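Participant: Next up, entry-v1.txt (compact mmCIF, C-alpha atoms and all ligand atoms).
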# COMPACT_ATOMS: atom_id res chain seq x y z
CA MET A 1 -3.28 29.58 -14.82
CA ASN A 2 -3.00 30.54 -11.18
CA GLY A 3 -6.43 29.93 -9.66
CA LEU A 4 -7.43 27.88 -6.63
CA ILE A 5 -6.51 24.18 -6.71
CA LEU A 6 -8.49 21.85 -4.44
CA VAL A 7 -6.69 18.63 -3.49
CA THR A 8 -9.01 15.89 -2.20
CA GLY A 9 -7.09 13.41 -0.07
CA GLY A 10 -4.55 16.17 0.55
CA THR A 11 -3.65 14.49 3.84
CA GLY A 12 -2.81 11.11 2.25
CA THR A 13 0.48 9.65 1.01
CA LEU A 14 0.12 11.11 -2.46
CA GLY A 15 -2.10 14.12 -1.79
CA ARG A 16 0.20 15.67 0.83
CA GLU A 17 3.05 15.63 -1.67
CA VAL A 18 0.84 17.22 -4.34
CA VAL A 19 -0.10 19.96 -1.86
CA ARG A 20 3.54 20.53 -0.89
CA LEU A 21 4.72 20.75 -4.50
CA LEU A 22 1.94 23.13 -5.52
CA GLU A 23 2.71 25.33 -2.53
CA VAL A 24 6.40 25.39 -3.50
CA GLN A 25 5.28 26.63 -6.93
CA GLY A 26 3.35 29.45 -5.23
CA ARG A 27 -0.09 28.08 -6.17
CA THR A 28 -3.21 28.73 -4.11
CA VAL A 29 -4.17 25.39 -2.62
CA ARG A 30 -7.06 24.06 -0.55
CA VAL A 31 -7.01 20.66 1.15
CA LEU A 32 -10.18 18.61 1.53
CA SER A 33 -10.21 16.27 4.50
CA ARG A 34 -12.77 14.73 6.83
CA ARG A 35 -10.72 16.06 9.72
CA PRO A 36 -10.96 19.51 11.26
CA PRO A 37 -8.20 21.96 10.30
CA PRO A 38 -4.88 21.37 12.07
CA ALA A 39 -4.14 23.40 15.19
CA GLU A 40 -1.19 24.98 13.41
CA PRO A 41 -2.49 25.83 9.96
CA GLY A 42 -0.11 25.52 7.01
CA PRO A 43 -0.11 27.75 3.96
CA ALA A 44 -2.94 25.77 2.32
CA ASP A 45 -6.59 26.63 2.90
CA TRP A 46 -8.53 23.83 4.59
CA ALA A 47 -12.03 22.47 3.94
CA THR A 48 -13.58 19.82 6.13
CA GLY A 49 -15.96 17.55 4.27
CA ASP A 50 -16.88 13.96 3.57
CA LEU A 51 -17.05 12.78 -0.02
CA LYS A 52 -18.98 9.69 1.00
CA THR A 53 -21.95 11.66 2.32
CA GLY A 54 -21.38 14.85 0.32
CA ARG A 55 -21.27 16.90 3.54
CA GLY A 56 -19.20 20.06 3.12
CA ILE A 57 -18.26 19.32 -0.50
CA ASP A 58 -20.08 22.28 -2.09
CA ALA A 59 -18.15 24.64 0.17
CA ALA A 60 -14.86 22.83 -0.49
CA VAL A 61 -15.28 23.04 -4.25
CA ALA A 62 -16.50 26.66 -4.32
CA GLY A 63 -14.10 28.87 -6.24
CA ALA A 64 -11.81 26.04 -7.37
CA ASP A 65 -10.44 26.19 -10.91
CA VAL A 66 -8.85 22.77 -10.62
CA ILE A 67 -9.62 19.72 -8.47
CA VAL A 68 -6.93 17.07 -7.99
CA HIS A 69 -8.89 14.05 -6.77
CA CYS A 70 -6.61 11.84 -4.66
CA ALA A 71 -9.08 10.82 -1.93
CA THR A 72 -9.72 7.13 -1.72
CA GLY A 73 -11.33 4.64 0.62
CA LEU A 74 -14.41 2.48 0.71
CA GLY A 75 -16.96 3.80 -1.76
CA ASP A 76 -14.82 5.64 -4.32
CA VAL A 77 -17.65 5.61 -6.86
CA GLY A 78 -20.13 7.42 -4.59
CA ALA A 79 -17.38 9.79 -3.45
CA THR A 80 -16.46 10.70 -7.02
CA ARG A 81 -20.12 11.17 -7.91
CA HIS A 82 -20.59 13.62 -5.02
CA LEU A 83 -17.45 15.49 -6.05
CA ILE A 84 -18.59 15.78 -9.68
CA GLU A 85 -22.07 16.98 -8.70
CA SER A 86 -20.59 19.71 -6.50
CA ALA A 87 -18.05 20.63 -9.20
CA ARG A 88 -20.81 21.04 -11.80
CA ARG A 89 -22.73 23.35 -9.46
CA ALA A 90 -19.56 25.35 -8.87
CA GLY A 91 -18.87 26.03 -12.56
CA SER A 92 -16.60 23.87 -14.61
CA PRO A 93 -13.29 23.19 -12.86
CA HIS A 94 -10.68 20.94 -14.43
CA LEU A 95 -10.90 17.56 -12.67
CA VAL A 96 -7.66 15.60 -12.42
CA TYR A 97 -8.23 12.03 -11.25
CA MET A 98 -5.62 9.64 -9.85
CA SER A 99 -6.12 6.04 -10.84
CA ILE A 100 -4.17 2.78 -10.90
CA VAL A 101 -2.49 0.91 -13.75
CA GLY A 102 -4.58 -2.13 -14.66
CA VAL A 103 -7.96 -1.05 -13.25
CA ASP A 104 -9.50 -2.30 -16.48
CA ARG A 105 -7.77 -5.67 -16.14
CA PHE A 106 -8.89 -6.63 -12.60
CA PRO A 107 -12.69 -6.98 -12.53
CA VAL A 108 -12.81 -7.07 -8.73
CA GLY A 109 -13.50 -4.84 -5.75
CA TYR A 110 -11.27 -1.82 -5.45
CA TYR A 111 -10.09 -1.91 -9.07
CA ARG A 112 -13.63 -2.10 -10.36
CA SER A 113 -14.60 0.94 -8.29
CA LYS A 114 -11.57 2.90 -9.59
CA LEU A 115 -12.54 2.07 -13.17
CA GLN A 116 -16.14 3.14 -12.53
CA ALA A 117 -14.87 6.39 -10.99
CA GLU A 118 -12.70 6.96 -14.09
CA ARG A 119 -15.80 6.56 -16.27
CA LEU A 120 -17.72 9.04 -14.13
CA VAL A 121 -14.90 11.56 -14.55
CA GLU A 122 -14.79 11.02 -18.32
CA ASP A 123 -18.57 11.42 -18.64
CA SER A 124 -18.82 14.29 -16.18
CA GLY A 125 -18.98 17.06 -18.75
CA LEU A 126 -16.11 18.73 -16.87
CA PRO A 127 -12.68 19.22 -18.43
CA TRP A 128 -10.82 16.16 -17.19
CA THR A 129 -7.45 14.41 -16.92
CA VAL A 130 -6.82 10.86 -15.68
CA LEU A 131 -3.42 9.54 -14.66
CA ARG A 132 -2.82 5.90 -13.76
CA ALA A 133 0.23 4.84 -11.75
CA THR A 134 1.65 1.58 -10.46
CA GLN A 135 1.89 0.78 -6.72
CA PHE A 136 3.74 3.28 -4.55
CA HIS A 137 6.92 2.26 -2.69
CA GLN A 138 5.06 3.08 0.53
CA LEU A 139 2.45 0.41 -0.21
CA ILE A 140 5.08 -2.29 -0.79
CA LEU A 141 6.87 -1.18 2.37
CA ARG A 142 3.65 -1.35 4.41
CA GLY A 143 2.98 -4.85 3.06
CA CYS A 144 6.49 -6.01 3.95
CA GLU A 145 6.22 -4.53 7.44
CA ALA A 146 2.91 -6.24 8.11
CA LEU A 147 4.13 -9.62 6.83
CA ALA A 148 7.50 -9.40 8.59
CA HIS A 149 5.67 -9.81 11.90
CA LEU A 150 5.31 -13.47 10.92
CA PRO A 151 8.12 -15.96 11.44
CA VAL A 152 8.32 -16.56 7.71
CA LEU A 153 7.58 -13.80 5.23
CA PRO A 154 5.07 -15.05 2.64
CA VAL A 155 5.01 -13.32 -0.74
CA PRO A 156 2.70 -13.92 -3.70
CA ALA A 157 4.38 -16.50 -5.94
CA GLY A 158 5.04 -15.68 -9.56
CA THR A 159 4.26 -12.02 -9.00
CA ALA A 160 6.26 -8.91 -9.79
CA PHE A 161 5.65 -5.28 -8.90
CA GLN A 162 6.84 -2.03 -10.39
CA PRO A 163 6.75 0.31 -7.41
CA ILE A 164 7.10 4.03 -7.85
CA GLU A 165 7.96 6.92 -5.56
CA ALA A 166 4.73 8.74 -4.62
CA GLY A 167 6.59 12.06 -4.83
CA GLU A 168 7.29 11.48 -8.53
CA VAL A 169 3.63 10.77 -9.20
CA ALA A 170 2.74 13.87 -7.19
CA ALA A 171 5.08 15.95 -9.36
CA ARG A 172 3.32 14.70 -12.48
CA LEU A 173 -0.10 15.44 -10.95
CA ALA A 174 1.03 18.97 -10.04
CA GLU A 175 2.16 19.43 -13.62
CA LEU A 176 -1.16 18.15 -14.97
CA ALA A 177 -3.12 20.31 -12.52
CA THR A 178 -1.45 23.46 -13.77
CA GLY A 179 -1.92 22.60 -17.45
CA PRO A 180 -4.97 22.22 -19.68
CA ALA A 181 -7.28 19.20 -19.45
CA ALA A 182 -5.50 16.34 -21.19
CA GLY A 183 -7.88 13.35 -21.02
CA ARG A 184 -6.23 10.01 -20.31
CA VAL A 185 -2.48 10.65 -20.13
CA PRO A 186 0.26 7.99 -20.40
CA ASP A 187 0.55 5.63 -17.42
CA MET A 188 3.35 6.08 -14.94
CA GLY A 189 5.33 3.12 -13.67
CA GLY A 190 8.32 2.71 -11.37
CA PRO A 191 11.84 2.31 -12.74
CA GLU A 192 12.10 -1.47 -12.25
CA VAL A 193 9.86 -4.50 -12.42
CA ARG A 194 10.93 -6.77 -9.56
CA GLY A 195 9.71 -10.05 -8.14
CA ALA A 196 7.81 -9.88 -4.85
CA ALA A 197 10.47 -12.07 -3.17
CA SER A 198 13.24 -9.77 -4.34
CA LEU A 199 11.44 -6.71 -2.95
CA ALA A 200 10.89 -8.51 0.36
CA LEU A 201 14.58 -9.41 0.54
CA SER A 202 15.52 -5.78 -0.09
CA TYR A 203 13.24 -4.74 2.73
CA LEU A 204 14.71 -7.30 5.12
CA ALA A 205 18.28 -6.41 4.16
CA ALA A 206 17.61 -2.69 4.65
CA ARG A 207 16.22 -3.38 8.10
CA GLY A 208 18.86 -5.96 9.03
CA ARG A 209 16.10 -8.46 9.71
CA ASN A 210 16.17 -12.19 9.30
CA ARG A 211 13.20 -14.11 7.85
CA PRO A 212 12.84 -16.84 5.27
CA VAL A 213 10.91 -15.45 2.30
CA VAL A 214 8.37 -18.01 1.15
CA PRO A 215 6.54 -17.58 -2.17
CA VAL A 216 2.93 -18.69 -1.73
CA ARG A 217 0.50 -19.19 -4.59
CA LEU A 218 -2.46 -17.10 -3.49
CA PRO A 219 -5.98 -17.78 -4.75
CA GLY A 220 -8.38 -15.24 -6.19
CA ALA A 221 -8.81 -13.07 -9.26
CA VAL A 222 -6.58 -10.26 -8.00
CA PHE A 223 -3.55 -12.50 -7.50
CA ALA A 224 -4.21 -14.31 -10.78
CA GLY A 225 -4.19 -10.88 -12.44
CA TYR A 226 -0.99 -9.96 -10.62
CA ARG A 227 0.66 -13.15 -11.89
CA LEU A 228 -0.29 -12.10 -15.43
CA GLY A 229 1.25 -8.67 -14.81
CA GLY A 230 -1.95 -6.70 -15.40
CA HIS A 231 -0.82 -4.08 -12.87
CA LEU A 232 2.53 -3.39 -14.57
CA ALA A 233 3.50 -0.71 -17.07
CA PRO A 234 7.00 -1.72 -18.24
CA ASP A 235 6.67 0.50 -21.32
CA HIS A 236 6.04 3.52 -19.08
CA ALA A 237 8.84 3.17 -16.54
CA ALA A 238 8.86 6.91 -15.91
CA GLY A 239 9.90 6.78 -12.23
CA ARG A 240 13.53 7.26 -11.26
CA VAL A 241 13.71 6.34 -7.57
CA THR A 242 14.18 2.60 -7.05
CA PHE A 243 12.72 0.68 -4.12
CA ASP A 244 16.20 0.26 -2.62
CA GLU A 245 16.84 4.00 -2.86
CA PHE A 246 13.46 4.68 -1.30
CA LEU A 247 14.26 2.31 1.59
CA ALA A 248 17.55 4.09 2.21
CA GLY A 249 15.88 7.52 2.10
CA PRO A 250 13.95 9.38 4.79
CA SER A 251 10.43 8.19 3.83
CA GLY A 252 11.50 4.57 3.57
CA SER A 253 13.67 4.39 6.66
CA ALA A 254 11.22 5.57 9.32
CA PRO A 255 8.22 3.28 9.21
CA ALA A 256 5.45 4.24 11.58
CA ASP A 257 5.20 0.95 13.44
CA HIS A 258 8.83 0.80 14.53
CA GLY A 259 9.98 3.05 17.32
CA PRO A 260 12.94 5.28 16.56
CA GLY A 261 16.19 3.46 17.12
CA ARG A 262 14.63 0.01 16.85
CA VAL A 263 15.21 -0.29 13.14
CA PRO A 264 18.87 -0.37 12.20
CA PRO A 265 19.28 1.82 9.17
CA SER A 266 20.67 0.31 6.03
CA GLY A 267 24.45 0.06 6.30
CA SER A 268 24.37 0.08 10.11
CA PRO A 269 26.89 -2.14 11.97
CA ARG A 270 24.25 -4.85 12.34
CA SER A 271 23.46 -5.11 8.66
CA ARG A 272 27.14 -4.81 7.72
CA ARG A 273 27.93 -7.72 10.02
CA GLY A 274 25.34 -9.53 7.98
CA VAL A 275 22.48 -10.99 10.00
CA MET A 276 20.80 -11.00 6.66
CA ALA A 277 17.63 -12.01 4.97
CA LYS A 278 17.47 -15.50 3.61
CA ARG A 279 15.35 -17.17 0.98
CA TRP A 280 13.54 -20.37 1.79
CA SER A 281 15.58 -21.95 -0.99
CA ASP A 282 18.83 -20.94 0.80
CA LEU A 283 18.04 -23.30 3.69
CA SER A 284 19.44 -26.80 3.49
CA PRO A 285 17.00 -29.58 2.45
CA GLY A 286 17.23 -31.06 5.97
CA THR A 287 16.32 -27.75 7.58
CA ARG A 288 13.43 -27.24 5.23
CA LYS A 289 12.15 -30.76 5.92
CA THR A 290 12.42 -30.23 9.68
CA ILE A 291 10.49 -26.96 9.53
CA ILE A 292 7.78 -28.48 7.32
CA VAL A 293 7.42 -31.57 9.54
CA LEU A 294 7.18 -29.45 12.67
CA GLY A 295 4.75 -27.07 10.97
CA VAL A 296 2.50 -29.93 9.87
CA ALA A 297 2.71 -31.49 13.32
CA GLU A 298 1.75 -28.20 14.90
CA ALA A 299 -1.20 -27.74 12.55
CA ALA A 300 -2.35 -31.35 13.10
CA LEU A 301 -2.18 -31.02 16.87
CA LYS A 302 -4.10 -27.80 16.80
CA ALA A 303 -6.74 -29.31 14.51
CA ALA A 304 -7.03 -32.39 16.79
CA ALA A 305 -7.40 -30.18 19.82
CA ALA A 306 -10.02 -28.04 18.08
CA ILE A 307 -12.06 -31.11 17.01
CA ASP A 308 -11.76 -32.59 20.47
CA MET A 309 -12.89 -29.35 22.05
CA LYS A 310 -15.93 -29.15 19.74
CA ARG A 311 -17.03 -32.69 20.59
CA ARG A 312 -16.89 -32.27 24.37
CA PRO A 313 -19.43 -30.50 26.56
CA ALA A 314 -18.11 -27.18 27.78
CA ASP A 315 -17.43 -28.42 31.32
CA GLN A 316 -15.26 -31.28 30.09
CA ILE A 317 -12.79 -29.55 27.86
CA ARG A 318 -9.67 -31.40 28.72
CA GLY A 319 -8.79 -33.76 25.89
CA PRO A 320 -5.99 -36.32 25.93
CA LYS A 321 -3.33 -35.10 28.24
CA TRP A 322 -0.51 -35.71 25.77
CA ALA A 323 -2.20 -33.60 23.10
CA TRP A 324 -2.79 -30.71 25.42
CA ALA A 325 0.74 -30.90 26.83
CA ALA A 326 2.25 -31.00 23.34
CA GLY A 327 -0.08 -28.26 22.17
CA LEU A 328 0.87 -26.11 25.12
CA VAL A 329 4.59 -26.49 24.45
CA ILE A 330 4.11 -25.85 20.76
CA ASN A 331 1.83 -22.88 21.25
CA SER A 332 4.08 -21.25 23.78
CA ALA A 333 7.33 -21.99 21.96
CA GLY A 334 6.10 -21.53 18.40
CA VAL A 335 7.79 -24.50 16.82
CA VAL A 336 8.10 -23.18 13.30
CA PRO A 337 9.76 -19.88 14.18
CA LEU A 338 11.86 -21.58 16.83
CA SER A 339 13.01 -24.30 14.47
CA TYR A 340 13.93 -21.73 11.89
CA PHE A 341 16.05 -19.79 14.31
CA VAL A 342 17.64 -22.94 15.72
CA PHE A 343 18.34 -24.67 12.41
CA GLY A 344 18.11 -21.94 9.86
CA ARG A 345 20.54 -19.29 11.02
CA ARG A 346 23.74 -19.05 9.08
CA PRO A 347 26.43 -16.48 8.88
CA ALA A 348 25.65 -14.13 6.02
CA PRO A 349 28.09 -13.86 3.16
N1 LIG B 401 -1.12 3.55 -2.80
C1 LIG B 401 -0.76 3.13 -4.00
O1 LIG B 401 0.13 2.29 -4.18
C2 LIG B 401 -1.42 3.75 -5.24
C3 LIG B 401 -0.94 3.42 -6.52
C4 LIG B 401 -1.53 4.02 -7.63
C5 LIG B 401 -2.60 4.89 -7.46
N2 LIG B 401 -3.06 5.15 -6.20
C6 LIG B 401 -4.18 6.09 -6.06
O2 LIG B 401 -3.65 7.30 -5.53
C7 LIG B 401 -4.64 7.94 -4.74
C8 LIG B 401 -4.07 8.30 -3.38
O3 LIG B 401 -3.68 7.11 -2.72
P1 LIG B 401 -2.91 7.18 -1.31
O4 LIG B 401 -2.21 5.88 -1.14
O5 LIG B 401 -2.15 8.45 -1.22
O6 LIG B 401 -4.17 7.24 -0.32
P2 LIG B 401 -4.12 7.34 1.26
O7 LIG B 401 -2.76 7.63 1.76
O8 LIG B 401 -4.83 6.12 1.78
O9 LIG B 401 -5.03 8.60 1.57
C9 LIG B 401 -6.42 8.56 1.41
C10 LIG B 401 -6.93 9.99 1.48
O10 LIG B 401 -8.32 9.98 1.18
C11 LIG B 401 -8.98 10.83 2.07
N3 LIG B 401 -10.34 10.34 2.25
C12 LIG B 401 -10.71 9.04 2.47
N4 LIG B 401 -12.04 8.96 2.57
C13 LIG B 401 -12.52 10.22 2.40
C14 LIG B 401 -13.84 10.78 2.41
N5 LIG B 401 -14.93 10.01 2.61
N6 LIG B 401 -13.98 12.10 2.22
C15 LIG B 401 -12.90 12.89 2.03
N7 LIG B 401 -11.61 12.43 2.01
C16 LIG B 401 -11.45 11.11 2.20
C17 LIG B 401 -8.18 10.78 3.35
O11 LIG B 401 -8.31 12.01 4.01
P3 LIG B 401 -8.73 12.17 5.57
O12 LIG B 401 -8.43 10.88 6.26
O13 LIG B 401 -7.87 13.32 6.03
O14 LIG B 401 -10.17 12.51 5.52
C18 LIG B 401 -6.75 10.63 2.83
O15 LIG B 401 -6.16 11.88 2.65
C19 LIG B 401 -5.84 6.99 -4.71
O16 LIG B 401 -6.77 7.36 -5.66
C20 LIG B 401 -5.24 5.65 -5.07
O17 LIG B 401 -6.19 4.79 -5.68
C21 LIG B 401 -2.49 4.63 -5.10
For the file at hand, write its structure as structure tokens.
Facilitator:
Amino acid sequence: MNGLILVTGGTGTLGREVVRLLEVQGRTVRVLSRRPPPAEPGPADWATGDLKTGRGIDAAVAGADVIVHCATGLGDVGATRHLIESARRAGSPHLVYMSIVGVDRFPVGYYRSKLQAERLVEDSGLPWTVLRATQFHQLILRGCEALAHLPVLPVPAGTAFQPIEAGEVAARLAELATGPAAGRVPDMGGPEVRGAASLALSYLAARGRNRPVVPVRLPGAVFAGYRLGGHLAPDHAAGRVTFDEFLAGPSGSAPADHGPGRVPPSGSPRSRRGVMAKRWSDLSPGTRKTIIVLGVAEAALKAAAAIDMKRRPADQIRGPKWAWAAGLVINSAGVVPLSYFVFGRRPAP
């Protein structure tokens, strides 16, 4: 089979890899994106369209023998419906859908919409294939980067992940796209199941950054499901690239929100010298108590100031001088981060 393959979401983390791999195999590929074609066109054909509104989708689908559906965002159900309607009008292309391990075990938001989209694909009347994968390394990395802006790095308590290299999932999708419709194929999970704290420590160590990692029990059905491991596929640990290997590689070592040169690569002099990540439990009891007391004091002062401010008419917002002075010092110094760096720093082993 060597017909046209349309990749929706061909500009995303997964989709771009699918496009690249199919091109390497000499396949004829078209990318669907909401954006206009790039100024310097690549080998793939380009279709501009929006799955949410259906605009441009008939033209994008025209002539496709296979559609690899990687696009995602708000409204995946409507998007998939538009895609299927256009695909039916265009003939009967093989529809390969990318889903997530555990969509049937998390009856909330995004997972629910992925499950509904799976059902639409299965009932579409088109030849279909559905692959579910665990979280990509890139997603865990993005989470760590966002949380590492805080003075302490909170992670969901009692939760493990099984991250997988998006390129490996892309290779499987490319294989499925060039084969016959296979229905629901075996799930694909990363090579290791690791605790959230352990992944965060790997991230910090690879970046030579220093933060206490604090497990926090997060509320809500998604995190309850995570604690039960509904998103894991330990029996399908098909991935080979570990999170640590990913972090040391080119896609893991150049995160978008760090300027070049600001992030010491793994094994750089700074990380070898060992200004290393530390668990909350590595701090001495006295240090932990100090940080908690200061944190509670800071929160109490802020709450007192907020209540005081609410009670006073707008032209009298002054409050007790001591509270404002203390609040000012605390807000400008940031007692919790400061106390951690004053009390918490230790030479790394
Ligand atoms: N990330 C994970 O950890 C993970 C794990 C397992 C499975 N998955 C699944 O893998 C698939 C790809 O995920 P990803 O992380 O690679 O996604 P991503 O990087 O966020 O990319 C999303 C893609 O969707 C396209 N898109 C969004 N809205 C669109 C619309 N209305 N019309 C047309 N295109 C639209 C975007 O294209 P433009 O912006 O160019 O329009 C972009 O290429 C998804 O189905 C996701 O559920 C992800």
Participant: How big is the axis-aligned box around the listed atoms of ligand LIG 401 (chain B) once 4 Å is added on each side, and where is its centre? Give both in Å to one decimal, as JSON.
Facilitator:
{"center_x": -7.4, "center_y": 7.8, "center_z": -0.7, "size_x": 23.1, "size_y": 19.0, "size_z": 21.9}
Participant: Please, which residues are within 8 Å of (-12.6, 19.5, 7.8) by the file's coordinates, counting only C-alpha atoms, and could they come as a list in words?
Facilitator: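 Protein and nucleic acid residues near the point are Leu32, Ser33, Arg34, Arg35, Pro36, Pro37, Trp46, Ala47, Thr48 and Gly49 of chain A.
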Participant: Name each residue within 9 Å of ligand LIG 401 (chain B), counting only C-alpha atoms and all ligand atoms, as a PyMOL selection string.
Facilitator: chain A and resi 8-17+31-36+48-55+57+69-76+79+97-101+110-111+114+131-140+163-164+166+169
Participant: Looking at only C-alpha atoms, which of A:Val152, A:Leu21, A:Val222, A:Ala174 is the one that sits closest to Asp104 of chain A?
Facilitator: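 Distance minimum relative to Asp104 of chain A lands on A:Val222.
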Participant: For each of A:Val214, A:His231, A:Asn2, A:Gly179, take the minimum atom-to-atom distance to Arg288 of chain A, counting all atoms listed in the file, then give the residue where this is smallest.
Facilitator: A:Val214
Participant: Taking only C-alpha atoms into account, which of A:Gly158, A:Pro234, A:Pro215, A:Gly102 comes nearest Gly190 of chain A?
Facilitator: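 Closest to Gly190 of chain A of all the choices is A:Pro234.
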Participant: So which residues touch segment 91-93 of chain A within 6 Å, counting only C-alpha atoms, skipping near sequence neighbours fewer than 3 positions away, as a list of chain:residue names?
Facilitator: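 In the requested format, the answer is A:Asp65, A:Val66, A:Arg88, A:Leu126.
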Participant: If we count all atoms listed in the file and set the cut-off at 12 Å, which residues sit around Glu23 of chain A, ignoring sequence neighbours fewer than 5 positions away in its own chain? Please answer as a VMD selection string.
Facilitator: chain A and resid 2 4 to 7 16 to 18 28 to 31 42 to 45 171 174
Participant: Rank A:Ala146, A:Leu301, A:Leu218, A:Ile84 by their smallest atom-to-atom distance to Val121 of chain A, using all atoms listed in the file, and report the top residue only.
Facilitator: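 Going through A:Ala146, A:Leu301, A:Leu218, A:Ile84 one by one, the smallest distance to Val121 of chain A is for A:Ile84.
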Participant: Identify which of the residues A:Asp235, A:Glu145, A:Asp244, A:Asp58 lies closest to Met188 of chain A, counting all atoms listed in the file when measuring atom-to-atom distances.
Facilitator: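 Closest residue, counting all atoms listed in the file: A:Asp235.
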Participant: A:Gly183, A:Gly286, A:Gly252, A:Gly239: which is nearest Ser124 of chain A, counting only C-alpha atoms?
Facilitator: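 Among the listed residues, the smallest separation from Ser124 of chain A belongs to A:Gly183.
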Participant: Quote the spacing between atom CA of Ser198 of chain A and atom CA of Gly249 of chain A in Å to one decimal place.
Facilitator: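 Between atom CA of Ser198 of chain A and atom CA of Gly249 of chain A the gap works out to 18.6 Å.
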Participant: Would you compute the distance between atom CA of Ala224 of chain A and atom CA of Thr159 of chain A? Give it in Å to one decimal.
Facilitator: 9.0 Å
Participant: Could you check how far atom CA of Val130 of chain A sits from atom CA of Val96 of chain A, in Å to one decimal?
Facilitator: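 Distance reported for this atom pair: 5.8 Å.
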